[in-house]
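Data from run-v1.txt: compact mmCIF, C-alpha atoms
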```txt
# COMPACT_ATOMS: atom_id res chain seq x y z
CA MET H 431 -7.96 -97.28 14.73
CA ALA H 432 -6.09 -94.05 14.03
CA GLY H 433 -4.06 -95.38 11.11
CA THR H 434 -6.89 -97.20 9.31
CA ALA H 435 -7.85 -94.30 7.01
CA GLY H 436 -4.40 -94.15 5.46
CA THR H 437 -3.69 -97.92 5.16
CA PRO H 438 -3.19 -98.92 1.51
CA GLY H 439 -5.62 -101.55 0.24
CA THR H 440 -8.35 -101.00 2.81
CA PRO H 441 -11.88 -100.58 1.47
CA ARG H 442 -11.96 -96.95 2.62
CA VAL H 443 -8.78 -96.07 0.72
CA LEU H 444 -9.93 -97.92 -2.41
CA ARG H 445 -13.26 -96.11 -2.31
CA ALA H 446 -11.44 -92.81 -1.88
CA MET H 447 -9.26 -93.55 -4.91
CA ASN H 448 -12.37 -94.26 -7.01
CA ASP H 449 -14.05 -91.13 -5.64
CA ARG H 450 -11.08 -88.98 -6.62
CA ALA H 451 -10.90 -90.53 -10.09
CA ALA H 452 -14.59 -89.77 -10.67
CA LEU H 453 -14.25 -86.20 -9.39
CA ASP H 454 -11.27 -85.56 -11.65
CA LEU H 455 -13.22 -86.91 -14.62
CA LEU H 456 -16.14 -84.64 -13.82
CA LEU H 457 -13.79 -81.66 -13.63
CA ALA H 458 -12.16 -82.56 -16.93
CA HIS H 459 -15.22 -83.52 -18.95
CA GLY H 460 -18.13 -81.67 -17.38
CA PRO H 461 -21.48 -83.31 -16.54
CA LEU H 462 -21.39 -87.10 -16.96
CA SER H 463 -23.91 -89.89 -16.53
CA ARG H 464 -23.50 -92.81 -14.16
CA THR H 465 -22.92 -95.12 -17.15
CA ARG H 466 -20.24 -92.86 -18.61
CA ILE H 467 -18.44 -92.56 -15.27
CA GLY H 468 -18.54 -96.33 -14.94
CA LYS H 469 -16.98 -96.81 -18.37
CA LEU H 470 -14.27 -94.20 -17.80
CA THR H 471 -13.32 -95.58 -14.38
CA GLY H 472 -13.89 -99.28 -15.10
CA LEU H 473 -16.41 -99.55 -12.28
CA SER H 474 -19.57 -101.62 -12.46
CA LYS H 475 -22.92 -99.85 -12.65
CA PRO H 476 -23.84 -100.69 -9.03
CA THR H 477 -20.43 -99.48 -7.79
CA ALA H 478 -20.69 -96.29 -9.86
CA SER H 479 -24.16 -95.68 -8.44
CA GLN H 480 -22.91 -96.14 -4.89
CA LEU H 481 -19.99 -93.81 -5.61
CA LEU H 482 -22.24 -91.04 -6.92
CA ALA H 483 -24.66 -91.42 -4.03
CA ARG H 484 -21.74 -91.16 -1.61
CA LEU H 485 -20.33 -88.05 -3.30
CA GLU H 486 -23.76 -86.43 -3.51
CA ALA H 487 -24.35 -87.03 0.19
CA ALA H 488 -20.95 -85.48 0.94
CA GLY H 489 -21.90 -82.37 -1.02
CA LEU H 490 -19.19 -82.92 -3.63
CA VAL H 491 -21.42 -83.60 -6.66
CA LEU H 492 -24.82 -82.42 -7.83
CA ALA H 493 -27.40 -84.01 -10.06
CA THR H 494 -27.86 -81.64 -12.98
CA GLY H 495 -30.13 -82.25 -15.94
CA THR H 496 -30.44 -85.34 -18.12
CA THR H 497 -29.04 -86.54 -21.41
CA GLU H 498 -31.03 -85.49 -24.46
CA GLY H 499 -31.01 -86.20 -28.18
CA ARG H 500 -29.97 -89.84 -27.85
CA PRO H 501 -31.97 -93.01 -28.41
CA GLY H 502 -33.39 -94.68 -25.34
CA PRO H 503 -34.38 -93.23 -21.98
CA SER H 504 -32.63 -90.11 -20.74
CA ALA H 505 -29.95 -90.52 -18.07
CA GLN H 506 -29.26 -88.38 -15.03
CA LEU H 507 -26.13 -86.23 -15.33
CA TYR H 508 -23.82 -85.30 -12.48
CA GLU H 509 -21.30 -82.48 -12.00
CA VAL H 510 -18.88 -81.33 -9.32
CA ASN H 511 -20.64 -79.08 -6.83
CA PRO H 512 -19.06 -75.64 -7.44
CA ALA H 513 -19.82 -74.57 -3.87
CA ALA H 514 -17.94 -77.49 -2.32
CA ALA H 515 -14.97 -75.20 -1.67
CA TYR H 516 -13.32 -71.95 -2.76
CA ALA H 517 -9.70 -70.88 -3.22
CA ALA H 518 -8.10 -67.51 -3.84
CA GLY H 519 -5.07 -66.04 -5.58
CA LEU H 520 -3.31 -62.67 -5.39
CA ASP H 521 -1.09 -61.12 -8.05
CA VAL H 522 1.15 -58.47 -6.50
CA THR H 523 3.01 -55.86 -8.58
CA PRO H 524 4.52 -52.49 -7.63
CA GLU H 525 1.38 -50.82 -9.00
CA ARG H 526 -1.45 -52.91 -7.55
CA VAL H 527 -2.70 -56.00 -5.73
CA LEU H 528 -5.15 -58.03 -7.81
CA ALA H 529 -7.22 -60.70 -6.06
CA ALA H 530 -9.53 -63.40 -7.39
CA VAL H 531 -11.63 -66.18 -5.90
CA ALA H 532 -12.49 -69.39 -7.77
CA ASP H 533 -14.91 -72.17 -6.92
CA ILE H 534 -13.69 -75.75 -6.78
CA THR H 535 -14.34 -76.24 -10.52
CA GLY H 536 -11.88 -73.45 -11.34
CA ARG H 537 -14.46 -70.85 -12.37
CA THR H 538 -13.53 -67.35 -11.21
CA VAL H 539 -16.43 -65.98 -9.17
CA GLY H 540 -14.99 -62.72 -7.85
CA THR H 541 -12.14 -60.27 -8.49
CA TYR H 542 -10.95 -57.04 -6.93
CA GLU H 543 -8.03 -54.70 -7.53
CA VAL H 544 -6.37 -52.35 -5.07
CA PRO H 545 -3.89 -49.74 -6.31
CA THR H 546 -0.77 -49.54 -4.14
CA PRO H 547 0.67 -46.32 -2.68
CA THR H 548 4.20 -45.30 -3.54
CA ARG H 549 5.38 -45.45 0.07
CA ARG H 550 4.61 -48.69 1.85
CA THR H 551 5.39 -50.41 5.12
CA ALA H 552 4.66 -53.94 6.24
CA GLY H 553 1.48 -52.68 7.93
CA THR H 554 0.36 -51.05 4.70
CA VAL H 555 1.01 -54.26 2.80
CA VAL H 556 -1.15 -56.27 5.21
CA ARG H 557 -3.98 -53.77 4.73
CA GLN H 558 -3.60 -53.88 0.95
CA VAL H 559 -3.67 -57.68 0.88
CA THR H 560 -6.68 -58.00 3.17
CA GLU H 561 -8.54 -55.25 1.32
CA ALA H 562 -7.97 -56.95 -2.03
CA LEU H 563 -9.00 -60.36 -0.72
CA ASP H 564 -12.07 -58.98 1.05
CA GLY H 565 -13.11 -57.16 -2.11
CA ALA H 566 -12.85 -60.34 -4.17
CA VAL H 567 -14.82 -62.48 -1.71
CA LYS H 568 -17.46 -59.77 -1.38
CA SER H 569 -17.89 -59.60 -5.15
CA ALA H 570 -18.43 -63.38 -5.05
CA ALA H 571 -21.02 -63.01 -2.24
CA LEU H 572 -18.70 -64.93 0.10
CA THR H 573 -16.70 -64.23 3.26
CA ARG H 574 -13.05 -64.76 4.14
CA ASP H 575 -13.95 -67.93 6.02
CA ASP H 576 -15.31 -69.49 2.81
CA VAL H 577 -11.82 -69.46 1.25
CA ARG H 578 -9.88 -72.65 1.99
CA ARG H 579 -6.48 -71.54 0.69
CA LEU H 580 -4.71 -68.47 -0.66
CA VAL H 581 -1.68 -68.33 -2.98
CA VAL H 582 0.13 -65.00 -3.26
CA ALA H 583 2.24 -64.28 -6.35
CA THR H 584 5.07 -61.78 -6.05
CA PRO H 585 8.20 -60.97 -8.03
CA GLY H 586 11.31 -62.54 -6.53
CA ALA H 587 11.05 -65.17 -3.81
CA PHE H 588 10.87 -65.39 -0.04
CA ASP H 589 14.10 -66.82 1.33
CA PRO H 590 13.14 -69.98 3.26
CA THR H 591 15.80 -69.34 5.93
CA THR H 592 15.09 -65.67 6.65
CA GLY H 593 11.53 -65.08 5.45
CA ARG H 594 12.68 -62.00 3.57
CA LEU H 595 11.70 -61.26 -0.01
CA ARG H 596 14.72 -61.42 -2.31
CA TYR H 597 15.32 -60.43 -5.95
CA ALA H 598 12.52 -57.82 -5.89
CA SER H 599 13.83 -54.53 -4.51
CA HIS H 600 11.26 -52.74 -6.68
CA LEU H 601 8.42 -54.02 -4.45
CA PRO H 602 8.50 -51.69 -1.42
CA GLY H 603 6.98 -52.77 1.86
CA TRP H 604 7.42 -56.50 1.20
CA HIS H 605 10.90 -56.88 2.72
CA SER H 606 10.12 -56.77 6.42
CA PRO H 607 11.29 -59.93 8.27
CA THR H 608 7.96 -59.97 10.16
CA LEU H 609 5.68 -59.53 7.13
CA LEU H 610 4.79 -63.20 6.65
CA ASP H 611 3.94 -63.58 10.33
CA GLU H 612 1.75 -60.46 10.16
CA LEU H 613 -0.08 -61.75 7.11
CA ALA H 614 -0.57 -65.16 8.74
CA ALA H 615 -2.10 -63.46 11.78
CA ALA H 616 -4.44 -61.37 9.63
CA LEU H 617 -5.74 -64.16 7.38
CA PRO H 618 -7.80 -67.16 8.53
CA MET H 619 -6.76 -69.57 5.76
CA PRO H 620 -3.41 -71.24 4.91
CA VAL H 621 -1.32 -68.90 2.75
CA GLU H 622 1.41 -69.88 0.30
CA TYR H 623 3.80 -67.54 -1.50
CA GLU H 624 5.23 -68.22 -4.94
CA ASN H 625 7.23 -66.40 -7.59
CA ASP H 626 5.00 -64.80 -10.21
CA VAL H 627 6.77 -66.36 -13.22
CA ASN H 628 6.68 -69.79 -11.59
CA LEU H 629 2.90 -69.44 -11.38
CA VAL H 630 2.67 -68.54 -15.06
CA ALA H 631 4.42 -71.87 -15.68
CA VAL H 632 1.84 -73.61 -13.48
CA ALA H 633 -0.93 -72.08 -15.57
CA GLU H 634 0.72 -73.12 -18.85
CA GLN H 635 1.38 -76.65 -17.59
CA ARG H 636 -2.20 -77.20 -16.46
CA LEU H 637 -4.15 -75.16 -18.99
CA GLY H 638 -1.89 -74.05 -21.82
CA ALA H 639 1.05 -74.71 -24.10
CA ALA H 640 3.02 -76.92 -21.68
CA ARG H 641 0.30 -79.51 -21.03
CA GLY H 642 1.80 -83.00 -21.22
CA HIS H 643 5.38 -81.74 -20.78
CA ASP H 644 7.43 -82.61 -17.70
CA ASP H 645 10.58 -80.68 -18.68
CA PHE H 646 10.25 -77.14 -19.97
CA VAL H 647 11.48 -73.60 -19.51
CA LEU H 648 9.08 -70.67 -19.51
CA VAL H 649 10.58 -67.28 -20.36
CA TRP H 650 8.57 -64.26 -19.23
CA ASN H 651 9.12 -60.70 -20.39
CA GLU H 652 6.81 -57.97 -19.19
CA GLY H 653 7.75 -55.73 -16.27
CA GLY H 654 10.91 -57.80 -15.85
CA LEU H 655 12.68 -60.64 -17.59
CA GLY H 656 12.47 -63.97 -15.78
CA ALA H 657 12.12 -67.69 -16.26
CA ALA H 658 10.48 -70.69 -14.64
CA LEU H 659 12.21 -74.06 -14.68
CA VAL H 660 10.07 -77.21 -14.61
CA LEU H 661 12.10 -80.41 -14.31
CA GLY H 662 10.52 -83.83 -13.96
CA GLY H 663 7.11 -82.19 -13.74
CA ARG H 664 8.05 -80.03 -10.74
CA LEU H 665 9.12 -76.43 -10.35
CA HIS H 666 12.80 -76.03 -9.61
CA ARG H 667 13.10 -73.12 -7.18
CA GLY H 668 16.74 -73.41 -6.13
CA TRP H 669 18.29 -73.06 -2.68
CA THR H 670 16.99 -69.55 -1.94
CA GLY H 671 14.08 -69.52 -4.39
CA GLY H 672 16.14 -67.63 -6.94
CA ALA H 673 16.21 -70.23 -9.70
CA GLY H 674 14.85 -68.60 -12.84
CA GLU H 675 15.99 -65.05 -12.04
CA VAL H 676 17.59 -64.92 -15.48
CA GLY H 677 17.45 -61.14 -15.72
CA PHE H 678 20.64 -61.18 -13.61
CA LEU H 679 22.41 -63.50 -16.07
CA PRO H 680 25.64 -62.02 -17.53
CA VAL H 681 25.47 -62.33 -21.32
CA PRO H 682 27.55 -61.32 -24.35
CA GLY H 683 26.49 -58.03 -25.85
CA ALA H 684 25.77 -56.27 -22.56
CA PRO H 685 28.19 -54.66 -20.08
CA LEU H 686 28.68 -56.46 -16.78
CA VAL H 687 26.26 -55.22 -14.14
CA ARG H 688 27.78 -55.38 -10.69
CA HIS H 689 25.84 -55.34 -7.40
CA VAL H 690 22.88 -56.73 -9.33
CA THR H 691 20.53 -56.98 -6.36
CA LYS H 692 20.96 -53.26 -5.65
CA ALA H 693 20.54 -52.41 -9.33
CA ASN H 694 17.66 -54.93 -9.59
CA SER H 695 18.96 -55.69 -13.06
CA GLY H 696 21.62 -57.67 -14.87
CA GLY H 697 23.10 -58.22 -18.29
CA TYR H 698 20.25 -60.24 -19.79
CA GLN H 699 17.67 -57.78 -18.45
CA GLU H 700 19.59 -54.86 -19.99
CA LEU H 701 20.02 -56.71 -23.28
CA ALA H 702 16.57 -58.23 -23.81
CA GLY H 703 14.21 -56.93 -21.13
CA SER H 704 11.17 -54.88 -22.05
CA GLN H 705 12.97 -51.62 -21.37
CA ALA H 706 15.53 -52.48 -24.06
CA ILE H 707 12.96 -52.59 -26.87
CA PRO H 708 11.93 -48.90 -27.00
CA ARG H 709 15.60 -47.98 -26.65
CA LEU H 710 16.53 -50.28 -29.53
CA ALA H 711 13.76 -48.82 -31.70
CA ARG H 712 15.10 -45.31 -31.15
CA GLU H 713 18.66 -46.45 -31.93
CA LEU H 714 17.40 -47.88 -35.23
CA GLY H 715 15.85 -44.52 -36.10
CA MET H 716 12.22 -45.64 -35.86
CA SER H 717 9.59 -42.94 -35.52
CA GLY H 718 6.49 -43.05 -33.35
CA VAL H 719 8.11 -44.90 -30.44
CA PRO H 720 5.42 -44.85 -27.71
CA ASP H 721 5.96 -43.00 -24.47
CA GLY H 722 4.70 -44.28 -21.15
CA PRO H 723 5.44 -47.53 -19.29
CA TYR H 724 8.18 -49.45 -21.10
CA ALA H 725 6.40 -52.82 -20.92
CA GLU H 726 3.39 -51.40 -22.77
CA ALA H 727 5.63 -49.55 -25.23
CA ALA H 728 7.61 -52.73 -25.92
CA ALA H 729 4.47 -54.76 -26.59
CA THR H 730 3.12 -52.07 -28.92
CA LEU H 731 6.38 -51.92 -30.89
CA LEU H 732 6.68 -55.69 -31.30
CA GLU H 733 3.03 -56.11 -32.25
CA ARG H 734 3.36 -53.34 -34.82
CA ALA H 735 6.62 -54.79 -36.18
CA ALA H 736 5.09 -58.24 -36.59
CA ALA H 737 2.05 -56.82 -38.41
CA GLU H 738 3.79 -54.37 -40.76
CA ASP H 739 6.51 -55.74 -43.05
CA THR H 740 9.02 -52.90 -43.34
CA VAL H 741 12.82 -52.85 -43.30
CA LEU H 742 13.01 -51.17 -39.90
CA ASN H 743 10.37 -53.44 -38.38
CA GLY H 744 12.20 -56.49 -39.67
CA LEU H 745 15.49 -55.18 -38.25
CA LEU H 746 13.88 -54.55 -34.85
CA LEU H 747 12.46 -58.08 -34.73
CA GLN H 748 15.66 -59.74 -35.92
CA THR H 749 17.89 -57.80 -33.53
CA TYR H 750 15.62 -58.46 -30.59
CA ALA H 751 15.32 -62.16 -31.49
CA THR H 752 19.13 -62.45 -31.46
CA ARG H 753 19.31 -60.77 -28.07
CA LEU H 754 16.63 -63.00 -26.60
CA ALA H 755 18.21 -66.16 -28.03
CA THR H 756 21.60 -65.17 -26.57
CA GLY H 757 20.38 -65.70 -23.02
CA LEU H 758 18.16 -68.62 -23.95
CA ALA H 759 21.17 -70.46 -25.35
CA SER H 760 22.75 -70.52 -21.88
CA LEU H 761 19.58 -71.92 -20.32
CA VAL H 762 19.18 -74.53 -23.03
CA SER H 763 22.82 -75.60 -22.83
CA VAL H 764 22.57 -76.27 -19.10
CA LEU H 765 19.01 -77.58 -18.76
CA ASP H 766 18.38 -79.26 -22.14
CA PRO H 767 14.59 -78.76 -21.89
CA GLU H 768 12.05 -80.45 -24.12
CA LEU H 769 10.12 -77.21 -24.60
CA VAL H 770 10.57 -73.45 -24.23
CA VAL H 771 7.43 -71.36 -23.71
CA LEU H 772 7.59 -67.65 -24.54
CA SER H 773 5.18 -65.67 -22.35
CA GLY H 774 4.48 -62.15 -21.17
CA ALA H 775 3.18 -59.26 -23.25
CA SER H 776 6.58 -58.31 -24.67
CA LEU H 777 7.02 -61.78 -26.18
CA THR H 778 3.51 -62.79 -27.16
CA ALA H 779 2.98 -59.41 -28.88
CA GLY H 780 5.58 -60.42 -31.48
CA GLY H 781 3.51 -63.51 -32.23
CA GLU H 782 4.59 -66.26 -34.58
CA VAL H 783 6.93 -63.93 -36.49
CA LEU H 784 9.10 -63.28 -33.43
CA ARG H 785 8.85 -66.89 -32.24
CA ALA H 786 10.16 -68.22 -35.56
CA LEU H 787 13.08 -65.77 -35.53
CA VAL H 788 14.05 -66.75 -31.99
CA GLN H 789 13.78 -70.44 -32.88
CA ALA H 790 16.11 -69.99 -35.85
CA GLU H 791 18.64 -68.04 -33.77
CA LEU H 792 18.55 -70.57 -30.94
CA GLU H 793 19.23 -73.43 -33.32
CA GLU H 794 22.49 -71.71 -34.28
CA LEU H 795 23.52 -70.77 -30.73
CA ALA H 796 22.66 -73.94 -28.75
CA ALA H 797 23.64 -77.57 -29.26
CA SER H 798 20.20 -78.94 -28.36
CA ARG H 799 17.08 -77.81 -30.16
CA PRO H 800 14.00 -77.56 -27.95
CA LYS H 801 10.68 -76.65 -29.44
CA LEU H 802 9.71 -72.99 -28.94
CA VAL H 803 6.03 -72.13 -28.51
CA LEU H 804 4.03 -69.09 -27.49
CA GLY H 805 2.14 -69.22 -24.22
CA ASP H 806 -1.59 -69.95 -24.45
CA VAL H 807 -2.65 -68.41 -21.12
CA THR H 808 -2.64 -64.72 -22.00
CA GLU H 809 -5.39 -63.33 -19.74
CA ARG H 810 -3.97 -62.56 -16.29
CA PRO H 811 -1.58 -65.55 -16.42
CA VAL H 812 0.05 -64.84 -13.04
CA LEU H 813 -3.31 -64.68 -11.28
CA ARG H 814 -4.52 -67.76 -13.15
CA GLY H 815 -1.46 -69.67 -12.00
CA ALA H 816 -2.03 -68.58 -8.40
CA LEU H 817 -5.61 -69.82 -8.57
CA GLU H 818 -4.56 -73.12 -10.16
CA SER H 819 -1.98 -73.68 -7.43
CA ALA H 820 -4.47 -72.87 -4.68
CA LEU H 821 -7.12 -75.07 -6.29
CA ALA H 822 -4.78 -78.05 -6.59
CA ALA H 823 -4.09 -78.06 -2.85
CA THR H 824 -7.73 -77.37 -2.03
CA ARG H 825 -8.94 -80.27 -4.17
CA ASP H 826 -6.42 -82.63 -2.57
CA GLU H 827 -7.92 -81.73 0.78
CA VAL H 828 -11.62 -81.54 -0.07
CA PHE H 829 -11.71 -84.51 -2.45
CA ASP H 830 -10.01 -86.85 0.03
CA THR H 831 -12.96 -88.98 1.15
CA SER H 832 -10.75 -91.44 3.04
CA ARG H 833 -10.87 -89.18 6.07
CA PRO H 834 -13.43 -90.14 8.71
```
Transcribe the structure of this file into structure tokens.
Amino acid sequence: MAGTAGTPGTPRVLRAMNDRAALDLLLAHGPLSRTRIGKLTGLSKPTASQLLARLEAAGLVLATGTTEGRPGPSAQLYEVNPAAAYAAGLDVTPERVLAAVADITGRTVGTYEVPTPTRRTAGTVVRQVTEALDGAVKSAALTRDDVRRLVVATPGAFDPTTGRLRYASHLPGWHSPTLLDELAAALPMPVEYENDVNLVAVAEQRLGAARGHDDFVLVWNEGGLGAALVLGGRLHRGWTGGAGEVGFLPVPGAPLVRHVTKANSGGYQELAGSQAIPRLARELGMSGVPDGPYAEAAATLLERAAAEDTVLNGLLLQTYATRLATGLASLVSVLDPELVVLSGASLTAGGEVLRALVQAELEELAASRPKLVLGDVTERPVLRGALESALAATRDEVFDTSRP
């Protein structure tokens, strides 16, 4: 019958639940023996053996090696078959499109980067996206058809009612109302679009500093200042996808910015964004302020200030910590999160010294006192979050053995 596969309590559904539990354990702990899987799942040895035989026949697990160095006979070990499925992620910035492909275990098997031209149209964007994806799958010795799902990370958010990208006027070519339809026509797999900072939060929740936390705020400062809001274990995106666009937040200490979407900036961005740090250093009379992109200059200044204990370095860190805590106090007062994660090169470069200063300032400015931590996922965190999001959906599909 058509509804049998999804009926709770049927043998097929119960087997599928056990299958998924075993697969998740193999992902989390690496190769395991039949006996170990049985103990971790509570299944009997015969049932665990049947489960592994079923998953091996389905191409979801592989027998790999045996236990060594223990008393008694060696036992066969099993692992998730990396080739069971693949997922992809794209990290889009004004400067480039970076693509990566991961196997079902989460191991990145291919990457490719495409620099973006200064003048772009929707057609150019489609070519850039497909070129980046094709380059990544080629480097992994795969084809487009091998990729089950793609998650694209962009600044801002696509308005669910219009399909237009909002809050990211600095990303030319991505604002056409037909762009998503054109990308869907060009790509064979399901495609999802998510805000870049939201995906950093996904990476931190699954792999980094926010593991085990259902309520947290992630503050990101690199090319722009933004936040991700995780409430009850789920991302809060808001009505138009604009939740977390804290760069637009009016704050004390900065002039009001009007027509913020045209300016692509706001009070908090002007006060504590990456571009404010080199400017602040010059105002303090510091020498050797780096030229070049402001995000890189900001990271260099904060890293240097945290490493070298001088009066000016201390003043730079303290002033910036106060500015950052000013906006954070508003978020904390409204959301009352359990945890605040500081991420992005302009925050992690200041390390523990900056974190402690911000924590002290926040405790004076906000009634509640969340724990502040530095992000753990520092290598391509946006791309890692896109891959984790794509993998989660792919595993839900591929690991569902209740389907006929």
**Report entry** Arg549 (chain H) environment, 12 Å, only C-alpha atoms, sequence neighbours closer than 4 positions dropped, as JSON, numbers by chain
**Finding:** {"H": [524, 525, 553, 554, 555, 600, 601, 602, 603, 604]}
Using only C-alpha atoms, which residues sit within 12 Å of Arg636 (chain H) once same-chain residues fewer than 4 positions away are excluded, as a compact mmCIF listing (two decimals) with C-alpha atoms, in the coordinates of the input?
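Output saved as part_36.txt:
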```txt
# COMPACT_ATOMS: atom_id res chain seq x y z
CA ALA H 458 -12.16 -82.56 -16.93
CA GLY H 536 -11.88 -73.45 -11.34
CA LEU H 629 2.90 -69.44 -11.38
CA VAL H 630 2.67 -68.54 -15.06
CA ALA H 631 4.42 -71.87 -15.68
CA VAL H 632 1.84 -73.61 -13.48
CA ALA H 640 3.02 -76.92 -21.68
CA ARG H 641 0.30 -79.51 -21.03
CA GLY H 642 1.80 -83.00 -21.22
CA HIS H 643 5.38 -81.74 -20.78
CA ASP H 644 7.43 -82.61 -17.70
CA GLY H 663 7.11 -82.19 -13.74
CA GLY H 805 2.14 -69.22 -24.22
CA ASP H 806 -1.59 -69.95 -24.45
CA VAL H 807 -2.65 -68.41 -21.12
CA PRO H 811 -1.58 -65.55 -16.42
CA ARG H 814 -4.52 -67.76 -13.15
CA GLY H 815 -1.46 -69.67 -12.00
CA ALA H 816 -2.03 -68.58 -8.40
CA LEU H 817 -5.61 -69.82 -8.57
CA GLU H 818 -4.56 -73.12 -10.16
CA SER H 819 -1.98 -73.68 -7.43
CA LEU H 821 -7.12 -75.07 -6.29
CA ALA H 822 -4.78 -78.05 -6.59
```
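Distances from H:Val627, H:Val690, H:Val539, H:Ile467 to Leu507 (chain H) were compared using all atoms listed in the file, and the smallest one belongs to H:Ile467.
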Query raised in the report: For Asn743 (chain H), which residue out of H:Leu769, H:Leu481, H:Met716, H:Val762 is the nearest one, using all atoms listed in the file?
Result: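 Ranked by minimum distance to Asn743 (chain H), first place goes to H:Met716.
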Report task. Write out as a list of chain:residue names which residues come within 6 Å of region 753-756 of chain H when counting only C-alpha atoms, dropping same-chain ones fewer than 6 positions away. Result ->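 Here the answer would be H:Ala702, H:Val788, H:Leu792.
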I need the chosen residues saved as an mmCIF file, in the coordinates of the input, with C-alpha atoms.
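The resulting selection_33.cif:
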```
data_model
loop_
_atom_site.group_PDB
_atom_site.id
_atom_site.type_symbol
_atom_site.label_atom_id
_atom_site.label_comp_id
_atom_site.auth_asym_id
_atom_site.auth_seq_id
_atom_site.Cartn_x
_atom_site.Cartn_y
_atom_site.Cartn_z
ATOM 1 C CA ALA H 702 16.570 -58.230 -23.810
ATOM 2 C CA VAL H 788 14.050 -66.750 -31.990
ATOM 3 C CA LEU H 792 18.550 -70.570 -30.940
#
```
**Report entry** Residue contacts of Lys568 (chain H) (12 Å, all atoms listed in the file) excluding same-chain residues fewer than 2 positions away, as a PyMOL selection string
**Finding:** chain H and resi 529-531+539-542+560-566+570-577
Query - Nearest to Ala796 (chain H) by atom-to-atom distance, counting all atoms listed in the file, from H:Asn694, H:Thr494, H:Ser763, H:Asn625 - result: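 Closest to Ala796 (chain H), using all atoms listed in the file: H:Ser763.
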Query - Which of H:Gly780, H:Gly672, H:Pro723, H:Pro620 sits closest to Ala518 (chain H) [using only C-alpha atoms] - result: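 Of all the options, H:Pro620 lies closest to Ala518 (chain H).
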Requested in this report: Between CA of Ser463 (chain H) and CA of Thr440 (chain H), measure the distance and give it in Å to one decimal.
Outcome: 27.2 Å
Requested in this report: Report the distance between CA of Val621 (chain H) and CA of Val559 (chain H) in Å, rounded to one decimal place.
Outcome: 11.6 Å
